[in-house]
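**Student:** One file: start-v9.txt (compact mmCIF, C-alpha atoms and all ligand atoms).
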# COMPACT_ATOMS: atom_id res chain seq x y z
CA MET A 1 -10.95 -21.76 4.37
CA VAL A 2 -14.51 -22.50 3.27
CA GLU A 3 -15.11 -23.46 -0.32
CA THR A 4 -18.68 -24.41 -1.09
CA ASN A 5 -18.28 -24.23 -4.85
CA PRO A 6 -15.53 -23.22 -7.26
CA ASN A 7 -17.04 -19.76 -7.71
CA LEU A 8 -17.27 -18.86 -4.06
CA TYR A 9 -14.47 -18.31 -1.62
CA SER A 10 -14.58 -16.89 1.87
CA ASN A 11 -12.09 -16.53 4.66
CA SER A 12 -11.55 -14.49 7.83
CA PHE A 13 -8.41 -12.95 9.27
CA ASN A 14 -7.51 -11.21 12.51
CA ILE A 15 -5.67 -7.91 12.85
CA GLU A 16 -3.93 -7.04 16.07
CA GLY A 17 -4.22 -3.35 16.96
CA GLY A 18 -1.13 -1.38 17.93
CA ASN A 19 1.27 -3.82 16.30
CA PHE A 20 3.07 -2.01 13.50
CA ASN A 21 5.40 -4.94 12.86
CA SER A 22 2.57 -7.12 11.64
CA ALA A 23 0.62 -4.33 9.90
CA GLY A 24 0.05 -5.36 6.31
CA ILE A 25 0.24 -9.12 6.77
CA VAL A 26 -3.50 -9.57 6.21
CA SER A 27 -3.56 -7.53 3.00
CA THR A 28 -0.46 -9.30 1.68
CA ASN A 29 -2.29 -12.55 2.41
CA ILE A 30 -5.50 -11.38 0.70
CA LYS A 31 -3.46 -10.34 -2.31
CA SER A 32 -1.88 -13.75 -2.76
CA ILE A 33 -5.20 -15.56 -2.22
CA LEU A 34 -6.94 -13.46 -4.89
CA LYS A 35 -4.05 -14.00 -7.30
CA LYS A 36 -4.27 -17.75 -6.78
CA LEU A 37 -8.01 -17.58 -7.44
CA GLY A 38 -7.18 -16.12 -10.86
CA ILE A 39 -8.64 -12.66 -10.19
CA PRO A 40 -7.18 -10.10 -12.69
CA ASN A 41 -4.16 -8.11 -11.46
CA ASP A 42 -5.84 -4.70 -11.44
CA ILE A 43 -8.69 -6.02 -9.30
CA VAL A 44 -6.26 -7.76 -6.94
CA ARG A 45 -4.36 -4.49 -6.63
CA LYS A 46 -7.50 -2.54 -5.70
CA ALA A 47 -8.45 -5.14 -3.10
CA ALA A 48 -4.93 -5.09 -1.67
CA ILE A 49 -4.89 -1.27 -1.45
CA VAL A 50 -8.26 -0.98 0.32
CA SER A 51 -7.49 -3.76 2.77
CA TYR A 52 -4.05 -2.34 3.51
CA GLU A 53 -5.41 1.16 4.22
CA ALA A 54 -8.02 -0.39 6.52
CA GLU A 55 -5.39 -2.55 8.19
CA ILE A 56 -3.12 0.42 8.85
CA ASN A 57 -6.09 2.26 10.39
CA VAL A 58 -6.88 -0.68 12.68
CA VAL A 59 -3.27 -0.91 13.79
CA SER A 60 -3.15 2.87 14.27
CA TYR A 61 -6.46 3.51 16.00
CA ALA A 62 -8.26 0.32 17.11
CA LYS A 63 -7.60 -2.62 19.43
CA LYS A 64 -8.21 -5.46 17.03
CA ALA A 65 -10.28 -6.36 14.03
CA ILE A 66 -11.66 -9.20 12.02
CA VAL A 67 -11.44 -9.10 8.23
CA ASN A 68 -13.88 -11.07 6.12
CA LEU A 69 -12.96 -11.73 2.52
CA THR A 70 -15.65 -13.06 0.19
CA VAL A 71 -15.28 -13.78 -3.49
CA ASN A 72 -18.37 -14.40 -5.60
CA PRO A 73 -18.95 -14.28 -9.33
CA GLY A 74 -18.50 -10.63 -10.30
CA VAL A 75 -17.48 -9.32 -6.87
CA VAL A 76 -14.78 -9.29 -4.25
CA GLN A 77 -15.99 -8.07 -0.89
CA ILE A 78 -13.84 -7.09 2.08
CA GLU A 79 -15.29 -6.27 5.48
CA VAL A 80 -13.22 -4.91 8.34
CA ILE A 81 -14.90 -4.90 11.74
CA ASP A 82 -12.86 -3.47 14.60
CA ASP A 83 -13.04 -3.15 18.37
CA GLY A 84 -11.87 0.38 18.81
CA PRO A 85 -12.80 3.88 19.90
CA GLY A 86 -15.07 4.39 16.88
CA ILE A 87 -15.21 7.54 14.77
CA PRO A 88 -17.24 10.40 16.31
CA ASN A 89 -17.71 12.28 13.03
CA ILE A 90 -17.53 10.14 9.90
CA ASP A 91 -17.99 13.08 7.49
CA LEU A 92 -14.97 14.76 9.05
CA ALA A 93 -12.90 11.56 9.03
CA MET A 94 -13.72 11.09 5.34
CA GLN A 95 -12.35 14.56 4.54
CA GLU A 96 -8.99 14.47 2.82
CA GLY A 97 -6.35 15.82 5.19
CA TYR A 98 -8.23 15.17 8.43
CA SER A 99 -6.13 13.01 10.74
CA THR A 100 -5.70 12.33 14.43
CA ALA A 101 -2.54 10.28 13.83
CA ASP A 102 0.14 10.59 16.50
CA GLN A 103 3.89 10.99 16.05
CA ARG A 104 4.52 7.23 15.97
CA ILE A 105 2.09 6.76 13.05
CA ARG A 106 3.59 9.75 11.20
CA GLU A 107 7.11 8.40 11.59
CA MET A 108 6.00 5.25 9.78
CA GLY A 109 4.94 7.40 6.82
CA PHE A 110 1.21 7.57 7.53
CA GLY A 111 -1.25 10.07 8.95
CA ALA A 112 -1.95 12.36 6.01
CA GLY A 113 -5.69 11.86 6.35
CA MET A 114 -6.01 10.21 2.96
CA GLY A 115 -6.67 6.56 3.76
CA LEU A 116 -10.46 6.55 3.95
CA CYS A 117 -10.72 8.66 0.75
CA ASN A 118 -8.35 6.25 -0.95
CA ILE A 119 -10.47 3.28 0.16
CA LYS A 120 -13.53 5.00 -1.27
CA ASN A 121 -11.74 5.78 -4.55
CA TYR A 122 -10.51 2.24 -5.08
CA SER A 123 -13.83 0.58 -4.14
CA ASP A 124 -16.82 0.30 -6.45
CA ASP A 125 -18.99 0.47 -3.37
CA PHE A 126 -17.95 1.60 0.12
CA HIS A 127 -19.89 1.66 3.39
CA ILE A 128 -18.66 2.88 6.73
CA THR A 129 -20.49 2.79 10.03
CA SER A 130 -19.05 3.52 13.44
CA GLU A 131 -20.13 3.66 17.04
CA VAL A 132 -18.12 5.61 19.59
CA GLY A 133 -16.74 3.30 22.27
CA LYS A 134 -17.55 0.19 20.23
CA GLY A 135 -15.85 0.19 16.89
CA THR A 136 -15.88 0.80 13.17
CA HIS A 137 -17.22 -1.32 10.35
CA LEU A 138 -16.00 -0.93 6.77
CA LYS A 139 -17.46 -2.77 3.80
CA MET A 140 -15.69 -2.53 0.45
CA THR A 141 -16.98 -4.06 -2.76
CA ILE A 142 -14.88 -4.37 -5.88
CA GLN A 143 -16.39 -5.62 -9.10
CA THR A 144 -14.62 -8.26 -11.16
CA PRO A 145 -15.15 -8.76 -14.89
CA MET B 146 14.96 0.95 -19.27
CA LYS B 147 16.21 -2.01 -17.33
CA LEU B 148 16.69 -1.87 -13.57
CA ARG B 149 20.37 -2.54 -14.25
CA GLU B 150 20.61 0.85 -16.03
CA VAL B 151 18.81 2.55 -13.13
CA LYS B 152 21.47 1.07 -10.87
CA ASP B 153 24.28 2.44 -13.08
CA ILE B 154 22.74 5.91 -13.46
CA LEU B 155 22.34 6.23 -9.69
CA GLU B 156 25.63 4.47 -8.84
CA ALA B 157 23.35 2.45 -6.62
CA GLU B 158 24.02 -0.59 -4.50
CA VAL B 159 21.62 -3.51 -4.93
CA ILE B 160 20.42 -4.72 -1.53
CA VAL B 161 17.70 -7.09 -2.73
CA GLY B 162 17.03 -8.35 -6.26
CA ASP B 163 20.45 -8.90 -7.83
CA ASP B 164 18.81 -11.62 -9.92
CA ILE B 165 16.03 -9.41 -11.35
CA LEU B 166 17.98 -6.48 -12.77
CA ASP B 167 16.60 -7.21 -16.23
CA LEU B 168 13.22 -5.90 -15.08
CA GLU B 169 11.89 -3.18 -17.42
CA VAL B 170 10.79 0.16 -15.87
CA LYS B 171 9.38 3.32 -17.44
CA THR B 172 7.84 5.38 -14.65
CA ALA B 173 8.53 6.48 -11.07
CA PHE B 174 6.95 8.06 -8.03
CA GLY B 175 8.86 9.72 -5.20
CA ALA B 176 7.66 10.47 -1.65
CA ASP B 177 8.45 9.89 1.99
CA LEU B 178 4.76 9.80 2.84
CA MET B 179 3.29 6.33 2.35
CA SER B 180 -0.24 7.85 2.50
CA ASP B 181 0.60 9.70 -0.73
CA VAL B 182 2.33 6.70 -2.31
CA LEU B 183 -0.84 4.66 -1.70
CA ALA B 184 -3.01 7.33 -3.25
CA PHE B 185 -0.91 8.16 -6.31
CA ALA B 186 1.70 5.54 -7.29
CA LYS B 187 0.93 3.35 -10.29
CA ALA B 188 1.66 -0.34 -10.81
CA GLY B 189 5.06 -1.16 -12.30
CA SER B 190 6.66 2.14 -11.19
CA LEU B 191 9.85 2.71 -9.27
CA LEU B 192 9.33 4.06 -5.76
CA LEU B 193 11.92 6.65 -4.72
CA THR B 194 11.87 7.20 -0.97
CA GLY B 195 13.92 7.96 2.11
CA LEU B 196 11.81 5.79 4.41
CA THR B 197 13.21 2.35 5.21
CA ASN B 198 10.73 0.63 7.53
CA THR B 199 8.85 -2.58 6.68
CA GLN B 200 5.71 -0.61 5.75
CA VAL B 201 7.58 0.68 2.69
CA ILE B 202 7.81 -2.93 1.48
CA ARG B 203 4.18 -3.65 2.36
CA THR B 204 3.11 -0.48 0.53
CA ALA B 205 5.19 -1.42 -2.52
CA ASN B 206 3.71 -4.91 -2.46
CA VAL B 207 0.06 -3.85 -2.45
CA LEU B 208 0.72 -1.33 -5.24
CA ASP B 209 2.72 -3.72 -7.47
CA ILE B 210 5.72 -1.38 -7.36
CA ALA B 211 8.56 -2.68 -9.58
CA ALA B 212 11.45 -1.69 -7.29
CA ILE B 213 12.30 0.56 -4.36
CA ILE B 214 15.10 3.11 -4.65
CA LEU B 215 16.27 4.33 -1.25
CA VAL B 216 17.70 7.84 -1.55
CA ARG B 217 20.15 9.86 0.60
CA GLY B 218 22.22 6.73 1.26
CA LYS B 219 19.58 5.12 3.49
CA ASN B 220 20.03 1.52 4.51
CA PRO B 221 17.09 -0.71 5.41
CA SER B 222 16.84 -2.74 8.61
CA SER B 223 17.29 -6.51 8.46
CA GLU B 224 13.49 -6.95 8.90
CA THR B 225 12.91 -4.76 5.85
CA ILE B 226 15.44 -6.75 3.81
CA THR B 227 13.93 -10.07 4.86
CA LEU B 228 10.42 -8.96 3.91
CA ALA B 229 11.57 -7.56 0.55
CA ARG B 230 13.25 -10.89 -0.25
CA GLU B 231 10.12 -12.78 0.76
CA LEU B 232 7.88 -10.58 -1.41
CA LYS B 233 10.48 -10.40 -4.21
CA ILE B 234 10.70 -6.62 -4.27
CA PRO B 235 14.10 -5.26 -5.34
CA ILE B 236 15.73 -2.61 -3.13
CA LEU B 237 18.51 -0.35 -4.41
CA THR B 238 20.20 2.34 -2.37
CA THR B 239 21.77 5.49 -3.79
CA LYS B 240 23.72 8.30 -2.15
CA TYR B 241 21.95 10.89 -4.32
CA ILE B 242 19.26 13.01 -2.69
CA LEU B 243 15.64 12.61 -3.85
CA PHE B 244 15.84 15.62 -6.20
CA GLU B 245 19.06 14.41 -7.87
CA THR B 246 17.79 10.83 -8.09
CA ALA B 247 14.61 11.94 -9.83
CA GLY B 248 16.49 14.36 -12.11
CA ARG B 249 19.07 11.82 -13.20
CA LEU B 250 16.40 9.24 -14.02
CA TYR B 251 14.18 11.79 -15.79
CA ALA B 252 17.12 12.94 -17.94
CA LYS B 253 17.48 9.33 -19.14
CA GLY B 254 13.80 8.91 -19.97
CA ILE B 255 12.03 7.74 -16.82
CA VAL B 256 8.87 9.83 -16.31
CA GLY B 257 6.49 10.37 -13.42
CA CYS B 258 3.76 7.75 -13.08
CA LEU B 259 1.45 10.76 -13.18
CA GLN B 260 2.30 14.40 -13.92
CA LYS B 261 -0.16 16.28 -11.76
CA VAL B 262 -2.86 15.48 -9.29
CA GLU B 263 -6.36 16.42 -10.38
CA ASN B 264 -8.08 18.76 -7.90
CA THR B 265 -7.53 17.12 -4.57
CA SER B 266 -7.28 13.59 -5.89
CA GLY B 267 -5.38 12.56 -8.99
CA ARG B 268 -5.66 8.97 -8.11
CA ASN B 269 -7.14 5.76 -9.44
N1 LIG A 301 -10.67 2.16 12.45
C1 LIG A 301 -10.69 3.37 12.98
N2 LIG A 301 -10.99 3.57 14.29
C2 LIG A 301 -10.99 4.80 14.83
N3 LIG A 301 -10.71 5.92 14.16
C3 LIG A 301 -10.40 5.80 12.86
C4 LIG A 301 -10.36 4.54 12.20
N4 LIG A 301 -10.04 4.73 10.90
C5 LIG A 301 -9.87 6.05 10.76
N5 LIG A 301 -10.08 6.72 11.94
C6 LIG A 301 -10.04 8.17 12.15
O1 LIG A 301 -10.25 8.82 10.90
C7 LIG A 301 -9.12 9.65 10.58
C8 LIG A 301 -8.89 9.64 9.07
O2 LIG A 301 -8.49 8.32 8.65
P1 LIG A 301 -7.70 8.17 7.28
O3 LIG A 301 -7.35 6.74 7.10
O4 LIG A 301 -8.48 8.82 6.19
O5 LIG A 301 -6.40 9.04 7.50
P2 LIG A 301 -5.16 8.77 8.47
O6 LIG A 301 -5.17 7.34 8.91
O7 LIG A 301 -5.20 9.78 9.54
O8 LIG A 301 -3.93 9.04 7.51
P3 LIG A 301 -3.50 8.16 6.22
O9 LIG A 301 -4.53 7.11 6.02
O10 LIG A 301 -3.40 9.14 5.10
O11 LIG A 301 -2.17 7.59 6.56
C9 LIG A 301 -7.98 9.07 11.41
O12 LIG A 301 -6.95 10.00 11.66
C10 LIG A 301 -8.71 8.65 12.68
O13 LIG A 301 -8.94 9.75 13.51
MG MG A 302 -5.37 5.79 7.40
I need this file expressed as C-alpha cells, please.

**Tutor:**
Amino acid sequence: MVETNPNLYSNSFNIEGGNFNSAGIVSTNIKSILKKLGIPNDIVRKAAIVSYEAEINVVSYAKKAIVNLTVNPGVVQIEVIDDGPGIPNIDLAMQEGYSTADQRIREMGFGAGMGLCNIKNYSDDFHITSEVGKGTHLKMTIQTP
Amino acid sequence: MKLREVKDILEAEVIVGDDILDLEVKTAFGADLMSDVLAFAKAGSLLLTGLTNTQVIRTANVLDIAAIILVRGKNPSSETITLARELKIPILTTKYILFETAGRLYAKGIVGCLQKVENTSGRN
C-alpha cells in the first residue's frame, strides 16, 4: 500500500489464471478498500463490477494478471494487465454474445459474451488493447463526485 | 417486505443470515446465468437462482445483492456457505421452482429490479 497523500491511493494485486476457487478475491478486496476510503456506494459498485468481470476473464482465458488500482480526486482507475493468449479480434470480442468460453466456464454461470460490454457500460472510460501470444490490457476509469 | 416474510412465503430454510431477517427488500432478479445477473441485477435486490457455487456469492457481493434465494431445493457447498458468512450475504433455500418462487413473491408485492431490457442492453 502506497499512500503519498490523503487524496491518492494506489495498490496492486495478482490474479492467478485458471483458478476458479480464487476468482473474485481481488474485486472483493478492491470493493472493501474503496468503501474504507469513503468512496460513494454506487461508485464502489461500478468499480467492483468492472474488476470482477475482468477477473473472471483472466481466470477463464489468461495465465495470470496484475491489477493496478489508483484512486485520485475525481477518479478511480483500474488496470488489468494479463499474460495470456491475447484477443485476435477485439471488435468481435466486444460484441454482445460472442464467447469462446468452454464447458467449465459455462457451468460456473459465465460465458454469455457479455462481460466486456458490461465493463464498457459501467466505466466512464474504457480502453482495451491486446496482442496475440502476449496478453490483454484493460484500463477502466470511473469518475467520482 | 422483510426477508423474514420472504422466508415464510417461500417456506424457505435460512442457511446464512438468521440474524438479518429484518432486512427490507422490494425487488428481485432471477437467473442461472451470472453473466446476465452482472449485467442486469440492481443493488438491494433479491437474487433468485439455481446455481450454488462460490461465484454466486462473489457476484452477489459485487452487485450489493440483499440476499440469495436458492430455488429447486438446491443446497450450497460448505465453501459457498463460508464465503457467504464472511461477506454477510444471506442465503435462503426453497423447494419451489424458479417460476413459482418468482410468482409467489410477485403476488405479495416484490417486483422485478427492471421490467424489460432496452434493445440489447437494459443495464446500468
Ligand atoms: N483476458 C482475456 N484474454 C483472452 N481472451 C479474452 C480475454 N477476455 C475476453 N476474452 C475473449 O473475449 C470473449 C468475450 O469476453 P466477454 O467477457 O465479453 O464474454 P465471456 O467471458 O465469453 O462471457 P461472460 O463475460 O458473459 O461471462 C471471450 O469469450 C474470450 O474469447
Ligand atoms: Mg467475461

**Student:** Within 9 Å of ligand LIG 301 (chain A) (counting all atoms listed in the file), which residues show up? I'd like them as JSON, numbers by chain.

**Tutor:** {"A": [53, 54, 55, 56, 57, 58, 59, 60, 61, 62, 63, 65, 80, 81, 82, 83, 84, 85, 86, 87, 88, 89, 90, 92, 93, 94, 95, 96, 97, 98, 99, 100, 101, 102, 105, 106, 109, 110, 111, 112, 113, 114, 115, 116, 117, 118, 119, 130, 132, 135, 136, 137, 138], "B": [178, 179, 180, 181, 183, 184]}

**Student:** So how far away is atom CA of A:Asn19 from atom CA of B:Glu231, in Å?

**Tutor:** 20.0 Å

**Student:** Just checking: using only C-alpha atoms, which residue out of A:Asn21, A:Gln77, A:Thr70, A:Thr144 ends up closest to chain B?

**Tutor:** A:Asn21

**Student:** Would you mind reading off the distance between atom CA of A:Ser10 and atom CA of A:Val71, one decimal, in Å?

**Tutor:**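 Taking atom CA of A:Ser10 and atom CA of A:Val71, their separation equals 6.2 Å.
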
**Student:** In Å, with one decimal, what is the gap from atom CA of B:Ile213 to atom CA of B:Phe244?

**Tutor:** 15.6 Å

**Student:** Kindly extract all protein, DNA and RNA residues lying within 8 Å of the coordinates (1.4, -2.7, -4.9) given in the file, considering all atoms listed in the file, and supply them as a VMD selection string.

**Tutor:** (chain A and resid 45 48 to 49) or (chain B and resid 188 203 to 210)

**Student:** Find the residue from B:Ile154, B:Leu243, B:Leu228, B:Leu215 that sits nearest to chain A; use only C-alpha atoms when measuring.

**Tutor:**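 Smallest separation from chain A among the options: B:Leu228.
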
**Student:** Pick the closest to ligand MG 302 (chain A) from A:Ile128, A:Val50, A:Ile25, A:Val44: which is it, counting all atoms listed in the file?

**Tutor:**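 Selected residue with least distance to ligand MG 302 (chain A): A:Val50.
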
**Student:** Closest to ligand MG 302 (chain A) among A:Tyr52, A:Met140, A:Asp124, A:Pro145, using all atoms listed in the file?

**Tutor:** A:Tyr52

**Student:** Measuring atom to atom with all atoms listed in the file, identify which of A:Lys31, A:Arg104, A:His127, A:Lys64 is nearest to chain B.

**Tutor:**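 Once distances to chain B are computed over all atoms listed in the file, the minimum belongs to A:Lys31.
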
**Student:** Compare B:Val161, B:Cys258, B:Ala173, B:Val201 by their minimum atom-to-atom distance to chain A, counting all atoms listed in the file, and give me the closest one.

**Tutor:**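 Checking each candidate against chain A, we get B:Val201 as the closest.
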
**Student:** Name all residues at most 10 Å from B:Lys240 (count only C-alpha atoms; drop same-chain ones fewer than 2 positions away) and give them as a PyMOL selection string.

**Tutor:** chain B and resi 155-158+215-219+238+242-243+245-246

**Student:** Using all atoms listed in the file, which residues sit within 12 Å of B:Gly162 once same-chain residues fewer than 6 positions away are excluded, as number ranges by chain?

**Tutor:** B: 148-149, 152, 168, 211-214, 226-227, 229-238

**Student:** Identify, on the basis of only C-alpha atoms, every residue whose closest approach to A:Leu8 does not exceed 10 Å; exclude the query and any residue fewer than 6 positions from it along the same chain; express the result as a list in words.

**Tutor:** Val2, Leu37, Thr70, Val71, Asn72, Pro73, Val75 and Val76 of chain A

**Student:** If you count all atoms listed in the file, which residues fall within 12 Å of B:Glu150, apart from same-chain ones fewer than 3 positions away, as a ChimeraX atom specification?

**Tutor:** /B:146-147,153-157,159,166-171,237,249-250,253-255

**Student:** Can I get the selected residues back with C-alpha atoms, as a PDB file, keeping the file's coordinate frame?

**Tutor:**
ATOM      1  CA  MET B 146      14.960   0.950 -19.270  1.00  0.00           C
ATOM      2  CA  LYS B 147      16.210  -2.010 -17.330  1.00  0.00           C
ATOM      3  CA  ASP B 153      24.280   2.440 -13.080  1.00  0.00           C
ATOM      4  CA  ILE B 154      22.740   5.910 -13.460  1.00  0.00           C
ATOM      5  CA  LEU B 155      22.340   6.230  -9.690  1.00  0.00           C
ATOM      6  CA  GLU B 156      25.630   4.470  -8.840  1.00  0.00           C
ATOM      7  CA  ALA B 157      23.350   2.450  -6.620  1.00  0.00           C
ATOM      8  CA  VAL B 159      21.620  -3.510  -4.930  1.00  0.00           C
ATOM      9  CA  LEU B 166      17.980  -6.480 -12.770  1.00  0.00           C
ATOM     10  CA  ASP B 167      16.600  -7.210 -16.230  1.00  0.00           C
ATOM     11  CA  LEU B 168      13.220  -5.900 -15.080  1.00  0.00           C
ATOM     12  CA  GLU B 169      11.890  -3.180 -17.420  1.00  0.00           C
ATOM     13  CA  VAL B 170      10.790   0.160 -15.870  1.00  0.00           C
ATOM     14  CA  LYS B 171       9.380   3.320 -17.440  1.00  0.00           C
ATOM     15  CA  LEU B 237      18.510  -0.350  -4.410  1.00  0.00           C
ATOM     16  CA  ARG B 249      19.070  11.820 -13.200  1.00  0.00           C
ATOM     17  CA  LEU B 250      16.400   9.240 -14.020  1.00  0.00           C
ATOM     18  CA  LYS B 253      17.480   9.330 -19.140  1.00  0.00           C
ATOM     19  CA  GLY B 254      13.800   8.910 -19.970  1.00  0.00           C
ATOM     20  CA  ILE B 255      12.030   7.740 -16.820  1.00  0.00           C
TER      21      ILE B 255
END
